[in-house]
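Beneath this line is the structure, given in structure tokens, with notes to follow.
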Amino acid sequence: MLISSKAAEGAEVEEIVDVGSFAPEDIHVPKIYVHRLIQGETYEKRIERLSLRKADDSQTKQKKAGDNVRERIIRRAALEFEDGMYANLGIGIPLLASNFISPDITVHLQSENGVLGLGPYPLQNEVDPDLINAGKETVTVLPGASYFSSDESFAMIRGGHVNLTMLGAMQVSKYGDLANWMIPSPFAKLLGRFKSKNTKGRQVELGNGNEELSVVH
């Protein structure tokens, strides 16, 4: 979506192959958008946020101050899941939700960066640098998962196809009012997306600031 709005665009690639090497149906960025190719000599796929689960546990390996409070919030929010529903997970606390879904129900988790069918955090041997959620954390996908562009991801939400959206709100009142006007760190980007996400379907809003939970139906 971003590349289509630029007059000139360059792409760093691992390998440059001959024209015709790709089947037309395998090309997801048409050549009309790309004006320069750069083959990196020391190309490396970096993992920004490596999140792992233990082999005998569904919990993430990352631990930090306040995790107990965050876990209590997301455990409560996960009770809102119903069998067969489609749910969007925003950045922040909502990304932990995949680890607390009841084994008795099936929930189709959608990530706004273009994944439908999110699974739990990976084991060490399952890590894929190309497979991340909206918070840039390493994840897994379940059988039947699909990948798509970010604009299609938001079309699902704005079109009312997603039953529930979990938002990582900066501030939220007990009535569900959102105050996402301030960016406290460079990591939180494009907060205007929250407005479009909370206009369709049912919402669960999770406050990161005061660490209180507000459930809005």
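FYI, nothing fancy with the structure tokens labels: chains A, B, ... in order, residues from 1 per chain, ligands from 1 as they appear.
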Show me, as JSON lines, the residues of stretch 51-135 of chain A having an atom within 9 Å of stretch 148-152 of chain A, each with the closest atom pair and its distance in Å, using only C-alpha atoms.
{"residue": "A:Glu112", "atom": "CA", "partner": "A:Ser150", "partner_atom": "CA", "distance": 6.2}
{"residue": "A:Asn113", "atom": "CA", "partner": "A:Ser150", "partner_atom": "CA", "distance": 5.1}
{"residue": "A:Gly114", "atom": "CA", "partner": "A:Phe148", "partner_atom": "CA", "distance": 4.7}
{"residue": "A:Val115", "atom": "CA", "partner": "A:Phe148", "partner_atom": "CA", "distance": 6.5}
{"residue": "A:Leu116", "atom": "CA", "partner": "A:Phe148", "partner_atom": "CA", "distance": 8.4}
Expected file: the selected residues, N, CA and C atoms, as an mmCIF file, in the first residue's frame:
data_model
loop_
_atom_site.group_PDB
_atom_site.id
_atom_site.type_symbol
_atom_site.label_atom_id
_atom_site.label_comp_id
_atom_site.auth_asym_id
_atom_site.auth_seq_id
_atom_site.Cartn_x
_atom_site.Cartn_y
_atom_site.Cartn_z
ATOM 1 N N GLU A 112 -3.270 -6.892 12.207
ATOM 2 C CA GLU A 112 -3.465 -5.820 11.230
ATOM 3 C C GLU A 112 -2.348 -5.711 10.203
ATOM 4 N N ASN A 113 -1.213 -6.371 10.438
ATOM 5 C CA ASN A 113 -0.150 -6.342 9.431
ATOM 6 C C ASN A 113 -0.376 -7.368 8.328
ATOM 7 N N GLY A 114 -1.500 -8.119 8.389
ATOM 8 C CA GLY A 114 -1.862 -8.981 7.281
ATOM 9 C C GLY A 114 -1.791 -10.467 7.521
ATOM 10 N N VAL A 115 -2.275 -10.925 8.682
ATOM 11 C CA VAL A 115 -2.288 -12.356 8.979
ATOM 12 C C VAL A 115 -3.651 -12.726 9.557
ATOM 13 N N LEU A 116 -4.244 -13.784 9.046
ATOM 14 C CA LEU A 116 -5.472 -14.335 9.622
ATOM 15 C C LEU A 116 -5.190 -15.785 9.972
#
Neighbouring residues of A:Leu96 were defined as those with any atom within 10 Å, considering only C-alpha atoms; residues of the same chain fewer than 5 positions away were excluded. Please report them as JSON, numbers by chain.
{"A": [59, 60, 70, 71, 73, 74, 75, 78, 89, 91, 101, 120, 121]}
- Which residue of A:Leu37, A:Ile32, A:Val139, A:Met166 approaches A:Ala97 most closely, using only C-alpha atoms: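 Smallest separation from A:Ala97 among the options: A:Met166.
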- Message: Using only C-alpha atoms for the distances, tell me which of A:Glu15, A:His35, A:Gly40, A:Ile47 is nearest to A:Pro129.
- Response: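 Closest to A:Pro129, using only C-alpha atoms: A:Ile47.
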| said: Give me the residues near A:Gly144 as a ChimeraX atom specification, where near means some atom within 12 Å (using only C-alpha atoms) and where sequence neighbours in that chain fewer than 4 positions away do not count. | reply: /A:108-109,115-119
> Using only C-alpha atoms, which residues sit within 12 Å of A:Ala87 once same-chain residues fewer than 2 positions away are excluded, as number ranges by chain?
Replying inline: A: 77-78, 80-85, 89-90, 94-95, 97-98, 101, 106-112, 115-118, 153, 156-157, 160-167, 197, 200-204
Let's see if you can do this: from backbone DSSP, list all strand (DSSP E) residues in stretch 94-174 of chain A, as a list in words.
His108, Leu109, Gln110, Ser111, Val115, Leu116, Gly117, Leu118, Val141, Leu142, Pro143, Gly144, Ala145, Ser146, Tyr147, Leu164, Thr165, Met166, Leu167, Gly168 and Ala169 of chain A
List every residue of stretch 12-159 of chain A that DSSP, applied to the backbone of this structure, places in helix (DSSP H, G or I), and write the result as an mmCIF file with all heavy atoms, in the first residue's frame.
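See result.cif below for the written result:
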data_model
loop_
_atom_site.group_PDB
_atom_site.id
_atom_site.type_symbol
_atom_site.label_atom_id
_atom_site.label_comp_id
_atom_site.auth_asym_id
_atom_site.auth_seq_id
_atom_site.Cartn_x
_atom_site.Cartn_y
_atom_site.Cartn_z
ATOM 1 N N PRO A 24 3.511 -15.562 -12.795
ATOM 2 C CA PRO A 24 2.743 -14.326 -12.573
ATOM 3 C C PRO A 24 1.945 -14.324 -11.273
ATOM 4 O O PRO A 24 1.838 -13.288 -10.609
ATOM 5 C CB PRO A 24 1.825 -14.265 -13.799
ATOM 6 C CG PRO A 24 2.575 -15.007 -14.859
ATOM 7 C CD PRO A 24 3.271 -16.121 -14.134
ATOM 8 N N GLU A 25 1.400 -15.474 -10.922
ATOM 9 C CA GLU A 25 0.572 -15.527 -9.710
ATOM 10 C C GLU A 25 1.394 -15.448 -8.426
ATOM 11 O O GLU A 25 0.840 -15.262 -7.337
ATOM 12 C CB GLU A 25 -0.287 -16.798 -9.688
ATOM 13 C CG GLU A 25 0.503 -18.097 -9.676
ATOM 14 C CD GLU A 25 0.783 -18.646 -11.066
ATOM 15 O OE1 GLU A 25 0.719 -17.861 -12.034
ATOM 16 O OE2 GLU A 25 1.051 -19.852 -11.167
ATOM 17 N N ASP A 26 2.721 -15.577 -8.534
ATOM 18 C CA ASP A 26 3.579 -15.505 -7.348
ATOM 19 C C ASP A 26 4.098 -14.093 -7.082
ATOM 20 O O ASP A 26 4.709 -13.837 -6.047
ATOM 21 C CB ASP A 26 4.784 -16.445 -7.501
ATOM 22 C CG ASP A 26 4.386 -17.915 -7.500
ATOM 23 O OD1 ASP A 26 3.321 -18.217 -6.921
ATOM 24 O OD2 ASP A 26 5.120 -18.743 -8.071
ATOM 25 N N LYS A 31 6.403 -4.784 -11.006
ATOM 26 C CA LYS A 31 7.632 -4.043 -11.302
ATOM 27 C C LYS A 31 7.392 -2.550 -11.534
ATOM 28 O O LYS A 31 8.324 -1.747 -11.392
ATOM 29 C CB LYS A 31 8.304 -4.643 -12.535
ATOM 30 C CG LYS A 31 7.434 -4.609 -13.802
ATOM 31 C CD LYS A 31 8.105 -5.361 -14.939
ATOM 32 C CE LYS A 31 7.230 -5.409 -16.183
ATOM 33 N NZ LYS A 31 7.845 -6.203 -17.264
ATOM 34 N N ILE A 32 6.171 -2.157 -11.847
ATOM 35 C CA ILE A 32 5.884 -0.743 -12.109
ATOM 36 C C ILE A 32 6.147 0.115 -10.882
ATOM 37 O O ILE A 32 6.404 1.319 -10.991
ATOM 38 C CB ILE A 32 4.422 -0.572 -12.596
ATOM 39 C CG1 ILE A 32 4.209 0.843 -13.149
ATOM 40 C CG2 ILE A 32 3.438 -0.862 -11.463
ATOM 41 C CD1 ILE A 32 2.865 1.023 -13.824
ATOM 42 N N TYR A 33 6.116 -0.495 -9.686
ATOM 43 C CA TYR A 33 6.334 0.252 -8.450
ATOM 44 C C TYR A 33 7.812 0.340 -8.059
ATOM 45 O O TYR A 33 8.176 1.161 -7.216
ATOM 46 C CB TYR A 33 5.583 -0.401 -7.288
ATOM 47 C CG TYR A 33 4.080 -0.353 -7.415
ATOM 48 C CD1 TYR A 33 3.322 -1.516 -7.302
ATOM 49 C CD2 TYR A 33 3.420 0.851 -7.641
ATOM 50 C CE1 TYR A 33 1.937 -1.478 -7.410
ATOM 51 C CE2 TYR A 33 2.039 0.890 -7.748
ATOM 52 C CZ TYR A 33 1.303 -0.270 -7.636
ATOM 53 O OH TYR A 33 -0.065 -0.232 -7.747
ATOM 54 N N ASP A 67 4.423 -7.485 34.386
ATOM 55 C CA ASP A 67 3.868 -8.598 33.621
ATOM 56 C C ASP A 67 2.696 -9.268 34.334
ATOM 57 O O ASP A 67 1.765 -9.737 33.691
ATOM 58 C CB ASP A 67 4.953 -9.639 33.327
ATOM 59 C CG ASP A 67 5.691 -9.332 32.030
ATOM 60 O OD1 ASP A 67 5.293 -8.365 31.355
ATOM 61 O OD2 ASP A 67 6.649 -10.047 31.699
ATOM 62 N N ASN A 68 2.739 -9.354 35.662
ATOM 63 C CA ASN A 68 1.643 -9.988 36.392
ATOM 64 C C ASN A 68 0.344 -9.222 36.205
ATOM 65 O O ASN A 68 -0.727 -9.818 36.041
ATOM 66 C CB ASN A 68 1.989 -10.094 37.878
ATOM 67 C CG ASN A 68 3.089 -11.098 38.149
ATOM 68 O OD1 ASN A 68 3.308 -12.010 37.355
ATOM 69 N ND2 ASN A 68 3.793 -10.932 39.255
ATOM 70 N N VAL A 69 0.427 -7.900 36.223
ATOM 71 C CA VAL A 69 -0.760 -7.077 36.018
ATOM 72 C C VAL A 69 -1.252 -7.220 34.581
ATOM 73 O O VAL A 69 -2.443 -7.374 34.320
ATOM 74 C CB VAL A 69 -0.455 -5.591 36.318
ATOM 75 C CG1 VAL A 69 -1.666 -4.718 35.990
ATOM 76 C CG2 VAL A 69 -0.074 -5.421 37.781
ATOM 77 N N ARG A 70 -0.324 -7.187 33.634
ATOM 78 C CA ARG A 70 -0.678 -7.329 32.224
ATOM 79 C C ARG A 70 -1.328 -8.690 31.962
ATOM 80 O O ARG A 70 -2.298 -8.786 31.212
ATOM 81 C CB ARG A 70 0.579 -7.167 31.357
ATOM 82 C CG ARG A 70 1.129 -5.757 31.338
ATOM 83 C CD ARG A 70 2.572 -5.738 30.849
ATOM 84 N NE ARG A 70 2.693 -6.237 29.484
ATOM 85 C CZ ARG A 70 2.575 -5.470 28.403
ATOM 86 N NH1 ARG A 70 2.325 -4.183 28.536
ATOM 87 N NH2 ARG A 70 2.715 -5.989 27.204
ATOM 88 N N GLU A 71 -0.807 -9.724 32.597
ATOM 89 C CA GLU A 71 -1.376 -11.056 32.406
ATOM 90 C C GLU A 71 -2.784 -11.132 32.967
ATOM 91 O O GLU A 71 -3.669 -11.760 32.372
ATOM 92 C CB GLU A 71 -0.479 -12.114 33.055
ATOM 93 C CG GLU A 71 -0.991 -13.528 32.837
ATOM 94 C CD GLU A 71 -0.037 -14.574 33.372
ATOM 95 O OE1 GLU A 71 1.194 -14.424 33.157
ATOM 96 O OE2 GLU A 71 -0.512 -15.546 34.000
ATOM 97 N N ARG A 72 -3.015 -10.494 34.099
ATOM 98 C CA ARG A 72 -4.350 -10.502 34.683
ATOM 99 C C ARG A 72 -5.351 -9.797 33.766
ATOM 100 O O ARG A 72 -6.486 -10.248 33.592
ATOM 101 C CB ARG A 72 -4.325 -9.812 36.057
ATOM 102 C CG ARG A 72 -5.660 -9.930 36.800
ATOM 103 C CD ARG A 72 -5.565 -9.450 38.224
ATOM 104 N NE ARG A 72 -5.488 -8.006 38.307
ATOM 105 C CZ ARG A 72 -4.416 -7.336 38.712
ATOM 106 N NH1 ARG A 72 -3.312 -7.984 39.042
ATOM 107 N NH2 ARG A 72 -4.425 -6.027 38.781
ATOM 108 N N ILE A 73 -4.913 -8.706 33.147
ATOM 109 C CA ILE A 73 -5.774 -7.970 32.226
ATOM 110 C C ILE A 73 -6.133 -8.828 31.019
ATOM 111 O O ILE A 73 -7.299 -8.942 30.638
ATOM 112 C CB ILE A 73 -5.085 -6.671 31.762
ATOM 113 C CG1 ILE A 73 -4.965 -5.695 32.930
ATOM 114 C CG2 ILE A 73 -5.855 -6.027 30.618
ATOM 115 C CD1 ILE A 73 -4.167 -4.452 32.605
ATOM 116 N N ILE A 74 -5.130 -9.448 30.408
ATOM 117 C CA ILE A 74 -5.397 -10.184 29.180
ATOM 118 C C ILE A 74 -6.158 -11.474 29.457
ATOM 119 O O ILE A 74 -6.949 -11.932 28.623
ATOM 120 C CB ILE A 74 -4.085 -10.467 28.411
ATOM 121 C CG1 ILE A 74 -4.410 -10.889 26.967
ATOM 122 C CG2 ILE A 74 -3.248 -11.514 29.104
ATOM 123 C CD1 ILE A 74 -5.190 -9.875 26.175
ATOM 124 N N ARG A 75 -5.949 -12.068 30.616
ATOM 125 C CA ARG A 75 -6.740 -13.255 30.969
ATOM 126 C C ARG A 75 -8.218 -12.889 31.051
ATOM 127 O O ARG A 75 -9.089 -13.655 30.609
ATOM 128 C CB ARG A 75 -6.257 -13.845 32.300
ATOM 129 C CG ARG A 75 -4.996 -14.677 32.194
ATOM 130 C CD ARG A 75 -4.660 -15.322 33.526
ATOM 131 N NE ARG A 75 -3.461 -16.135 33.470
ATOM 132 C CZ ARG A 75 -3.418 -17.402 33.048
ATOM 133 N NH1 ARG A 75 -4.537 -17.991 32.660
ATOM 134 N NH2 ARG A 75 -2.281 -18.057 33.020
ATOM 135 N N ARG A 76 -8.506 -11.726 31.626
ATOM 136 C CA ARG A 76 -9.903 -11.284 31.703
ATOM 137 C C ARG A 76 -10.448 -10.969 30.319
ATOM 138 O O ARG A 76 -11.582 -11.347 29.971
ATOM 139 C CB ARG A 76 -10.003 -10.031 32.606
ATOM 140 C CG ARG A 76 -11.341 -9.317 32.531
ATOM 141 C CD ARG A 76 -12.505 -10.223 32.958
ATOM 142 N NE ARG A 76 -13.776 -9.556 32.750
ATOM 143 C CZ ARG A 76 -14.457 -9.599 31.611
ATOM 144 N NH1 ARG A 76 -13.978 -10.272 30.574
ATOM 145 N NH2 ARG A 76 -15.612 -8.978 31.508
ATOM 146 N N ALA A 77 -9.662 -10.302 29.503
ATOM 147 C CA ALA A 77 -10.108 -9.954 28.165
ATOM 148 C C ALA A 77 -10.355 -11.201 27.317
ATOM 149 O O ALA A 77 -11.277 -11.243 26.495
ATOM 150 C CB ALA A 77 -9.080 -9.054 27.484
ATOM 151 N N ALA A 78 -9.547 -12.240 27.514
ATOM 152 C CA ALA A 78 -9.684 -13.469 26.738
ATOM 153 C C ALA A 78 -11.004 -14.177 27.010
ATOM 154 O O ALA A 78 -11.452 -14.993 26.202
ATOM 155 C CB ALA A 78 -8.507 -14.399 27.029
ATOM 156 N N ILE A 93 -0.848 -5.028 25.043
ATOM 157 C CA ILE A 93 -1.360 -6.167 25.797
ATOM 158 C C ILE A 93 -2.174 -7.138 24.939
ATOM 159 O O ILE A 93 -2.071 -8.352 25.129
ATOM 160 C CB ILE A 93 -2.197 -5.677 26.997
ATOM 161 C CG1 ILE A 93 -1.319 -4.887 27.961
ATOM 162 C CG2 ILE A 93 -2.823 -6.857 27.724
ATOM 163 C CD1 ILE A 93 -2.083 -4.299 29.137
ATOM 164 N N PRO A 94 -2.994 -6.675 23.984
ATOM 165 C CA PRO A 94 -3.801 -7.619 23.195
ATOM 166 C C PRO A 94 -3.004 -8.721 22.508
ATOM 167 O O PRO A 94 -3.532 -9.808 22.262
ATOM 168 C CB PRO A 94 -4.481 -6.709 22.166
ATOM 169 C CG PRO A 94 -4.590 -5.395 22.848
ATOM 170 C CD PRO A 94 -3.323 -5.276 23.652
ATOM 171 N N LEU A 95 -1.736 -8.462 22.188
ATOM 172 C CA LEU A 95 -0.942 -9.456 21.480
ATOM 173 C C LEU A 95 -0.711 -10.711 22.309
ATOM 174 O O LEU A 95 -0.334 -11.756 21.774
ATOM 175 C CB LEU A 95 0.404 -8.855 21.066
ATOM 176 C CG LEU A 95 0.330 -7.732 20.022
ATOM 177 C CD1 LEU A 95 1.718 -7.154 19.779
ATOM 178 C CD2 LEU A 95 -0.266 -8.248 18.722
ATOM 179 N N LEU A 96 -0.940 -10.636 23.621
ATOM 180 C CA LEU A 96 -0.776 -11.800 24.488
ATOM 181 C C LEU A 96 -1.982 -12.723 24.456
ATOM 182 O O LEU A 96 -1.942 -13.828 24.989
ATOM 183 C CB LEU A 96 -0.531 -11.352 25.933
ATOM 184 C CG LEU A 96 0.672 -10.436 26.184
ATOM 185 C CD1 LEU A 96 0.677 -9.958 27.638
ATOM 186 C CD2 LEU A 96 1.966 -11.157 25.855
ATOM 187 N N ALA A 97 -3.063 -12.281 23.822
ATOM 188 C CA ALA A 97 -4.330 -13.004 23.883
ATOM 189 C C ALA A 97 -4.259 -14.414 23.325
ATOM 190 O O ALA A 97 -4.955 -15.320 23.802
ATOM 191 C CB ALA A 97 -5.411 -12.213 23.145
ATOM 192 N N SER A 98 -3.407 -14.627 22.311
ATOM 193 C CA SER A 98 -3.348 -15.946 21.685
ATOM 194 C C SER A 98 -2.903 -17.026 22.657
ATOM 195 O O SER A 98 -3.150 -18.215 22.419
ATOM 196 C CB SER A 98 -2.397 -15.918 20.482
ATOM 197 O OG SER A 98 -1.082 -15.578 20.881
ATOM 198 N N ASN A 99 -2.276 -16.626 23.757
ATOM 199 C CA ASN A 99 -1.787 -17.593 24.740
ATOM 200 C C ASN A 99 -2.823 -17.948 25.800
ATOM 201 O O ASN A 99 -2.557 -18.798 26.654
ATOM 202 C CB ASN A 99 -0.530 -17.049 25.424
ATOM 203 C CG ASN A 99 0.594 -16.803 24.445
ATOM 204 O OD1 ASN A 99 1.040 -17.702 23.759
ATOM 205 N ND2 ASN A 99 1.045 -15.562 24.363
ATOM 206 N N GLN A 124 11.720 -22.280 20.029
ATOM 207 C CA GLN A 124 12.976 -21.807 19.463
ATOM 208 C C GLN A 124 13.191 -22.322 18.036
ATOM 209 O O GLN A 124 13.636 -21.592 17.153
ATOM 210 C CB GLN A 124 14.138 -22.247 20.350
ATOM 211 C CG GLN A 124 15.500 -21.766 19.853
ATOM 212 C CD GLN A 124 15.657 -20.251 19.914
ATOM 213 O OE1 GLN A 124 15.557 -19.662 20.994
ATOM 214 N NE2 GLN A 124 15.905 -19.619 18.769
ATOM 215 N N ASN A 125 12.818 -23.578 17.797
ATOM 216 C CA ASN A 125 13.040 -24.170 16.472
ATOM 217 C C ASN A 125 11.957 -23.814 15.461
ATOM 218 O O ASN A 125 12.001 -24.246 14.311
ATOM 219 C CB ASN A 125 13.164 -25.699 16.574
ATOM 220 C CG ASN A 125 11.890 -26.350 17.090
ATOM 221 O OD1 ASN A 125 11.019 -25.680 17.642
ATOM 222 N ND2 ASN A 125 11.780 -27.648 16.909
ATOM 223 N N GLU A 126 10.964 -23.027 15.885
ATOM 224 C CA GLU A 126 9.876 -22.625 14.985
ATOM 225 C C GLU A 126 9.993 -21.168 14.536
ATOM 226 O O GLU A 126 9.168 -20.694 13.762
ATOM 227 C CB GLU A 126 8.515 -22.805 15.681
ATOM 228 C CG GLU A 126 8.178 -24.238 16.039
ATOM 229 C CD GLU A 126 6.881 -24.336 16.827
ATOM 230 O OE1 GLU A 126 6.569 -23.401 17.599
ATOM 231 O OE2 GLU A 126 6.170 -25.346 16.672
ATOM 232 N N SER A 150 -1.853 -4.936 4.199
ATOM 233 C CA SER A 150 -2.378 -4.172 5.327
ATOM 234 C C SER A 150 -3.703 -3.496 4.980
ATOM 235 O O SER A 150 -4.593 -3.404 5.826
ATOM 236 C CB SER A 150 -1.357 -3.113 5.758
ATOM 237 O OG SER A 150 -1.831 -2.358 6.847
ATOM 238 N N ASP A 151 -3.838 -3.026 3.729
ATOM 239 C CA ASP A 151 -5.092 -2.364 3.370
ATOM 240 C C ASP A 151 -6.258 -3.351 3.382
ATOM 241 O O ASP A 151 -7.380 -2.999 3.775
ATOM 242 C CB ASP A 151 -4.976 -1.668 2.008
ATOM 243 C CG ASP A 151 -4.560 -2.615 0.903
ATOM 244 O OD1 ASP A 151 -3.906 -3.618 1.190
ATOM 245 O OD2 ASP A 151 -4.883 -2.340 -0.269
ATOM 246 N N GLU A 152 -6.009 -4.599 2.974
ATOM 247 C CA GLU A 152 -7.079 -5.597 3.031
ATOM 248 C C GLU A 152 -7.403 -5.957 4.476
ATOM 249 O O GLU A 152 -8.549 -6.241 4.812
ATOM 250 C CB GLU A 152 -6.680 -6.845 2.251
ATOM 251 C CG GLU A 152 -7.800 -7.865 2.138
ATOM 252 C CD GLU A 152 -7.541 -8.922 1.089
ATOM 253 O OE1 GLU A 152 -6.506 -8.857 0.407
ATOM 254 O OE2 GLU A 152 -8.407 -9.816 0.945
ATOM 255 N N SER A 153 -6.381 -5.922 5.325
ATOM 256 C CA SER A 153 -6.588 -6.189 6.739
ATOM 257 C C SER A 153 -7.581 -5.195 7.338
ATOM 258 O O SER A 153 -8.515 -5.573 8.050
ATOM 259 C CB SER A 153 -5.250 -6.114 7.478
ATOM 260 O OG SER A 153 -5.433 -6.231 8.877
ATOM 261 N N PHE A 154 -7.387 -3.900 7.022
ATOM 262 C CA PHE A 154 -8.283 -2.883 7.558
ATOM 263 C C PHE A 154 -9.639 -2.909 6.869
ATOM 264 O O PHE A 154 -10.645 -2.491 7.449
ATOM 265 C CB PHE A 154 -7.641 -1.502 7.442
ATOM 266 C CG PHE A 154 -6.667 -1.220 8.557
ATOM 267 C CD1 PHE A 154 -5.334 -1.559 8.437
ATOM 268 C CD2 PHE A 154 -7.105 -0.659 9.742
ATOM 269 C CE1 PHE A 154 -4.449 -1.343 9.465
ATOM 270 C CE2 PHE A 154 -6.227 -0.429 10.787
ATOM 271 C CZ PHE A 154 -4.890 -0.766 10.655
ATOM 272 N N ALA A 155 -9.701 -3.404 5.646
ATOM 273 C CA ALA A 155 -10.991 -3.556 4.975
ATOM 274 C C ALA A 155 -11.855 -4.581 5.710
ATOM 275 O O ALA A 155 -13.080 -4.430 5.807
ATOM 276 C CB ALA A 155 -10.787 -3.979 3.524
ATOM 277 N N MET A 156 -11.216 -5.623 6.230
ATOM 278 C CA MET A 156 -11.949 -6.624 7.008
ATOM 279 C C MET A 156 -12.558 -6.002 8.258
ATOM 280 O O MET A 156 -13.692 -6.305 8.639
ATOM 281 C CB MET A 156 -11.003 -7.755 7.422
ATOM 282 C CG MET A 156 -10.438 -8.564 6.285
ATOM 283 S SD MET A 156 -9.244 -9.787 6.893
ATOM 284 C CE MET A 156 -8.654 -10.466 5.342
ATOM 285 N N ILE A 157 -11.775 -5.121 8.894
ATOM 286 C CA ILE A 157 -12.239 -4.488 10.129
ATOM 287 C C ILE A 157 -13.315 -3.449 9.840
ATOM 288 O O ILE A 157 -14.396 -3.454 10.436
ATOM 289 C CB ILE A 157 -11.056 -3.834 10.864
ATOM 290 C CG1 ILE A 157 -9.991 -4.887 11.200
ATOM 291 C CG2 ILE A 157 -11.523 -3.124 12.130
ATOM 292 C CD1 ILE A 157 -8.685 -4.313 11.683
ATOM 293 N N ARG A 158 -13.035 -2.546 8.901
ATOM 294 C CA ARG A 158 -13.984 -1.475 8.589
ATOM 295 C C ARG A 158 -15.260 -2.001 7.953
ATOM 296 O O ARG A 158 -16.312 -1.381 8.055
ATOM 297 C CB ARG A 158 -13.309 -0.465 7.652
ATOM 298 C CG ARG A 158 -12.182 0.303 8.314
ATOM 299 C CD ARG A 158 -11.302 1.004 7.306
ATOM 300 N NE ARG A 158 -10.240 1.768 7.954
ATOM 301 C CZ ARG A 158 -9.129 2.146 7.356
ATOM 302 N NH1 ARG A 158 -8.932 1.838 6.077
ATOM 303 N NH2 ARG A 158 -8.221 2.828 8.009
#
note - atom CA of A:Gly135 and atom CA of A:Pro103 are separated by 24.3 Å
- Query: Could you pull the residues within 7 Å of A:Ala11, counting only C-alpha atoms, minus those fewer than 2 positions along the same chain, as number ranges by chain?
  - Reply: A: 9, 13, 34, 36-38
